[in-house]
Amino acid sequence: MKLINMVYAMSLLLASLWFTSQLDTFGLFVGTTGFLCVSGVIMKKKWGYFAAGIWCAGLMRLSIDKYSGVYEDSIKHTVTALGFFGVVFAIILHETLTKTSKKAESKSKNTPTDSSSH
């Protein structure tokens, strides 16, 4: 799962870099929000996976609405499919990796770390 998480984070990072490289207001906004999603995914935070899923769903919807008639249908279908898989991976990684990090946190809270008692 760690490999899938890193591949997912890298794909989000590449998409964010591409949007930022467009140097328009929309691209800078979407790229910045993508970078925030990437940081949450790398840190394995719940909000990171949730934000990445919403980000992918929004981009999937934009590829259908905003760019209809601009690109060929094959490109729109590819972007829509990638956005769908981005949402699916966000849900899967959210459910698996955040549960394991919660277990690790609860184990570390149960172990005594205070050695100052006499």
# chains A, B, ... in the order shown; residues from 1 in each chain; ligands from 1
>>> residues_around(residues="stretch 35-41 of chain A", least_positions_apart="6", cutoff="6 Å", atoms="only C-alpha atoms", output="ChimeraX atom specification")
/A:9,48-49,51-52
>>> select_by_dssp(residues="stretch 36-78 of chain A", states="helix (DSSP H, G or I)", output="VMD selection string")
chain A and resid 36 to 42 46 to 65 73 to 78
>>> write_last_selection(atoms="N, CA and C atoms", output="short mmCIF file (atom, residue, chain, number, x, y, z; two decimals), in the first residue's frame")
data_model
loop_
_atom_site.label_atom_id
_atom_site.label_comp_id
_atom_site.auth_asym_id
_atom_site.auth_seq_id
_atom_site.Cartn_x
_atom_site.Cartn_y
_atom_site.Cartn_z
N LEU A 36 -1.49 21.14 -1.93
CA LEU A 36 -2.00 20.90 -0.57
C LEU A 36 -2.50 19.46 -0.43
N CYS A 37 -3.16 18.96 -1.46
CA CYS A 37 -3.62 17.57 -1.44
C CYS A 37 -2.43 16.61 -1.38
N VAL A 38 -1.40 16.89 -2.14
CA VAL A 38 -0.21 16.04 -2.15
C VAL A 38 0.43 16.00 -0.77
N SER A 39 0.52 17.16 -0.11
CA SER A 39 1.13 17.17 1.22
C SER A 39 0.31 16.35 2.21
N GLY A 40 -1.01 16.41 2.11
CA GLY A 40 -1.86 15.59 2.98
C GLY A 40 -1.74 14.11 2.70
N VAL A 41 -1.61 13.76 1.43
CA VAL A 41 -1.47 12.34 1.06
C VAL A 41 -0.13 11.80 1.52
N ILE A 42 0.94 12.57 1.38
CA ILE A 42 2.26 12.11 1.81
C ILE A 42 2.30 11.92 3.33
N LYS A 46 -6.19 12.10 6.97
CA LYS A 46 -7.53 11.85 6.43
C LYS A 46 -7.97 12.98 5.50
N TRP A 47 -7.73 14.20 5.91
CA TRP A 47 -8.17 15.34 5.09
C TRP A 47 -7.44 15.36 3.76
N GLY A 48 -6.23 14.83 3.70
CA GLY A 48 -5.48 14.81 2.45
C GLY A 48 -6.12 13.90 1.42
N TYR A 49 -6.54 12.71 1.85
CA TYR A 49 -7.20 11.79 0.93
C TYR A 49 -8.57 12.32 0.53
N PHE A 50 -9.28 12.89 1.49
CA PHE A 50 -10.60 13.47 1.20
C PHE A 50 -10.47 14.61 0.19
N ALA A 51 -9.51 15.50 0.43
CA ALA A 51 -9.30 16.64 -0.48
C ALA A 51 -8.85 16.16 -1.85
N ALA A 52 -7.99 15.15 -1.90
CA ALA A 52 -7.52 14.63 -3.19
C ALA A 52 -8.67 14.00 -3.98
N GLY A 53 -9.55 13.30 -3.28
CA GLY A 53 -10.71 12.71 -3.95
C GLY A 53 -11.64 13.77 -4.52
N ILE A 54 -11.87 14.82 -3.74
CA ILE A 54 -12.73 15.91 -4.23
C ILE A 54 -12.04 16.65 -5.37
N TRP A 55 -10.74 16.83 -5.26
CA TRP A 55 -9.97 17.51 -6.31
C TRP A 55 -10.07 16.73 -7.62
N CYS A 56 -9.90 15.41 -7.55
CA CYS A 56 -10.00 14.58 -8.75
C CYS A 56 -11.42 14.59 -9.32
N ALA A 57 -12.42 14.55 -8.44
CA ALA A 57 -13.81 14.59 -8.92
C ALA A 57 -14.12 15.92 -9.60
N GLY A 58 -13.61 17.01 -9.05
CA GLY A 58 -13.83 18.31 -9.66
C GLY A 58 -13.14 18.43 -11.01
N LEU A 59 -11.92 17.92 -11.11
CA LEU A 59 -11.22 17.96 -12.38
C LEU A 59 -11.88 17.05 -13.41
N MET A 60 -12.43 15.95 -12.94
CA MET A 60 -13.15 15.05 -13.84
C MET A 60 -14.38 15.75 -14.40
N ARG A 61 -15.08 16.46 -13.54
CA ARG A 61 -16.28 17.19 -13.98
C ARG A 61 -15.91 18.33 -14.94
N LEU A 62 -14.81 19.02 -14.65
CA LEU A 62 -14.36 20.08 -15.56
C LEU A 62 -13.98 19.54 -16.92
N SER A 63 -13.40 18.37 -16.95
CA SER A 63 -13.01 17.80 -18.25
C SER A 63 -14.24 17.48 -19.09
N ILE A 64 -15.35 17.20 -18.45
CA ILE A 64 -16.57 16.91 -19.18
C ILE A 64 -17.25 18.20 -19.62
N ASP A 65 -17.40 19.16 -18.71
CA ASP A 65 -18.17 20.37 -19.00
C ASP A 65 -17.39 21.46 -19.72
N ASP A 73 -12.98 13.56 -28.25
CA ASP A 73 -13.69 12.75 -27.26
C ASP A 73 -12.77 11.74 -26.58
N SER A 74 -11.78 11.22 -27.29
CA SER A 74 -10.88 10.24 -26.68
C SER A 74 -10.08 10.86 -25.55
N ILE A 75 -9.67 12.12 -25.69
CA ILE A 75 -8.94 12.80 -24.62
C ILE A 75 -9.85 13.05 -23.43
N LYS A 76 -11.06 13.50 -23.69
CA LYS A 76 -12.01 13.74 -22.60
C LYS A 76 -12.31 12.46 -21.85
N HIS A 77 -12.46 11.35 -22.58
CA HIS A 77 -12.74 10.08 -21.93
C HIS A 77 -11.56 9.60 -21.10
N THR A 78 -10.35 9.84 -21.58
CA THR A 78 -9.15 9.45 -20.83
C THR A 78 -9.04 10.26 -19.54
#
>>> atom_distance(atom1="atom CA of A:Ile91", atom2="atom CA of A:Asn5")
11.5 Å
>>> residues_around(residues="A:Leu28", least_positions_apart="4", cutoff="10 Å", atoms="only C-alpha atoms", output="PDB file with C-alpha atoms, in the first residue's frame")
ATOM      1  CA  SER A  16      -0.412  20.031  -9.934  1.00  0.00           C
ATOM      2  CA  LEU A  17       2.842  20.958 -11.656  1.00  0.00           C
ATOM      3  CA  TRP A  18       1.149  20.872 -15.043  1.00  0.00           C
ATOM      4  CA  PHE A  19      -1.673  23.152 -13.886  1.00  0.00           C
ATOM      5  CA  THR A  20       0.779  25.553 -12.252  1.00  0.00           C
ATOM      6  CA  SER A  21       2.870  25.683 -15.424  1.00  0.00           C
ATOM      7  CA  GLN A  22      -0.113  27.106 -17.329  1.00  0.00           C
ATOM      8  CA  LEU A  23       0.485  30.442 -15.522  1.00  0.00           C
ATOM      9  CA  ASP A  24      -3.128  31.578 -15.584  1.00  0.00           C
ATOM     10  CA  THR A  32      -1.893  25.223  -5.392  1.00  0.00           C
ATOM     11  CA  THR A  33      -4.824  23.184  -4.115  1.00  0.00           C
ATOM     12  CA  GLY A  34      -3.246  20.114  -5.707  1.00  0.00           C
TER      13      GLY A  34
END
>>> atom_distance(atom1="atom CA of A:Thr80", atom2="atom CA of A:Lys99")
28.9 Å
>>> atom_distance(atom1="atom CA of A:Gly27", atom2="atom CA of A:Val87")
20.3 Å
>>> closest_residue(among="A:Val79, A:Ile92, A:Lys44, A:Phe84", to="A:Met6", atoms="only C-alpha atoms")
A:Lys44
>>> decode(residues="stretch 79-97 of chain A", atoms="N, CA and C atoms", output="PDB file, in the first residue's frame")
ATOM      1  N   VAL A  79      -9.241  11.576 -19.628  1.00  0.00           N
ATOM      2  CA  VAL A  79      -9.160  12.427 -18.436  1.00  0.00           C
ATOM      3  C   VAL A  79     -10.261  12.071 -17.442  1.00  0.00           C
ATOM      4  N   THR A  80     -11.445  11.795 -17.947  1.00  0.00           N
ATOM      5  CA  THR A  80     -12.547  11.398 -17.067  1.00  0.00           C
ATOM      6  C   THR A  80     -12.237  10.089 -16.364  1.00  0.00           C
ATOM      7  N   ALA A  81     -11.682   9.121 -17.086  1.00  0.00           N
ATOM      8  CA  ALA A  81     -11.332   7.832 -16.477  1.00  0.00           C
ATOM      9  C   ALA A  81     -10.234   8.009 -15.429  1.00  0.00           C
ATOM     10  N   LEU A  82      -9.220   8.824 -15.728  1.00  0.00           N
ATOM     11  CA  LEU A  82      -8.146   9.061 -14.749  1.00  0.00           C
ATOM     12  C   LEU A  82      -8.688   9.761 -13.502  1.00  0.00           C
ATOM     13  N   GLY A  83      -9.598  10.702 -13.685  1.00  0.00           N
ATOM     14  CA  GLY A  83     -10.218  11.362 -12.536  1.00  0.00           C
ATOM     15  C   GLY A  83     -11.023  10.385 -11.696  1.00  0.00           C
ATOM     16  N   PHE A  84     -11.732   9.482 -12.362  1.00  0.00           N
ATOM     17  CA  PHE A  84     -12.510   8.468 -11.642  1.00  0.00           C
ATOM     18  C   PHE A  84     -11.594   7.566 -10.825  1.00  0.00           C
ATOM     19  N   PHE A  85     -10.504   7.113 -11.447  1.00  0.00           N
ATOM     20  CA  PHE A  85      -9.569   6.257 -10.715  1.00  0.00           C
ATOM     21  C   PHE A  85      -8.894   7.026  -9.574  1.00  0.00           C
ATOM     22  N   GLY A  86      -8.676   8.318  -9.754  1.00  0.00           N
ATOM     23  CA  GLY A  86      -8.137   9.139  -8.669  1.00  0.00           C
ATOM     24  C   GLY A  86      -9.056   9.165  -7.472  1.00  0.00           C
ATOM     25  N   VAL A  87     -10.356   9.253  -7.718  1.00  0.00           N
ATOM     26  CA  VAL A  87     -11.334   9.228  -6.625  1.00  0.00           C
ATOM     27  C   VAL A  87     -11.339   7.855  -5.956  1.00  0.00           C
ATOM     28  N   VAL A  88     -11.320   6.800  -6.747  1.00  0.00           N
ATOM     29  CA  VAL A  88     -11.332   5.439  -6.196  1.00  0.00           C
ATOM     30  C   VAL A  88     -10.089   5.187  -5.341  1.00  0.00           C
ATOM     31  N   PHE A  89      -8.918   5.563  -5.840  1.00  0.00           N
ATOM     32  CA  PHE A  89      -7.696   5.373  -5.052  1.00  0.00           C
ATOM     33  C   PHE A  89      -7.702   6.217  -3.783  1.00  0.00           C
ATOM     34  N   ALA A  90      -8.277   7.409  -3.844  1.00  0.00           N
ATOM     35  CA  ALA A  90      -8.365   8.241  -2.640  1.00  0.00           C
ATOM     36  C   ALA A  90      -9.207   7.556  -1.575  1.00  0.00           C
ATOM     37  N   ILE A  91     -10.305   6.950  -1.976  1.00  0.00           N
ATOM     38  CA  ILE A  91     -11.170   6.257  -1.014  1.00  0.00           C
ATOM     39  C   ILE A  91     -10.462   5.035  -0.438  1.00  0.00           C
ATOM     40  N   ILE A  92      -9.836   4.248  -1.298  1.00  0.00           N
ATOM     41  CA  ILE A  92      -9.156   3.031  -0.829  1.00  0.00           C
ATOM     42  C   ILE A  92      -8.006   3.378   0.107  1.00  0.00           C
ATOM     43  N   LEU A  93      -7.173   4.323  -0.285  1.00  0.00           N
ATOM     44  CA  LEU A  93      -6.037   4.698   0.561  1.00  0.00           C
ATOM     45  C   LEU A  93      -6.502   5.351   1.855  1.00  0.00           C
ATOM     46  N   HIS A  94      -7.570   6.121   1.788  1.00  0.00           N
ATOM     47  CA  HIS A  94      -8.112   6.736   3.004  1.00  0.00           C
ATOM     48  C   HIS A  94      -8.529   5.668   4.000  1.00  0.00           C
ATOM     49  N   GLU A  95      -9.219   4.664   3.499  1.00  0.00           N
ATOM     50  CA  GLU A  95      -9.729   3.632   4.396  1.00  0.00           C
ATOM     51  C   GLU A  95      -8.634   2.717   4.930  1.00  0.00           C
ATOM     52  N   THR A  96      -7.630   2.406   4.148  1.00  0.00           N
ATOM     53  CA  THR A  96      -6.616   1.454   4.608  1.00  0.00           C
ATOM     54  C   THR A  96      -5.491   2.125   5.390  1.00  0.00           C
ATOM     55  N   LEU A  97      -4.952   3.205   4.874  1.00  0.00           N
ATOM     56  CA  LEU A  97      -3.771   3.792   5.509  1.00  0.00           C
ATOM     57  C   LEU A  97      -4.098   4.598   6.753  1.00  0.00           C
TER      58      LEU A  97
END
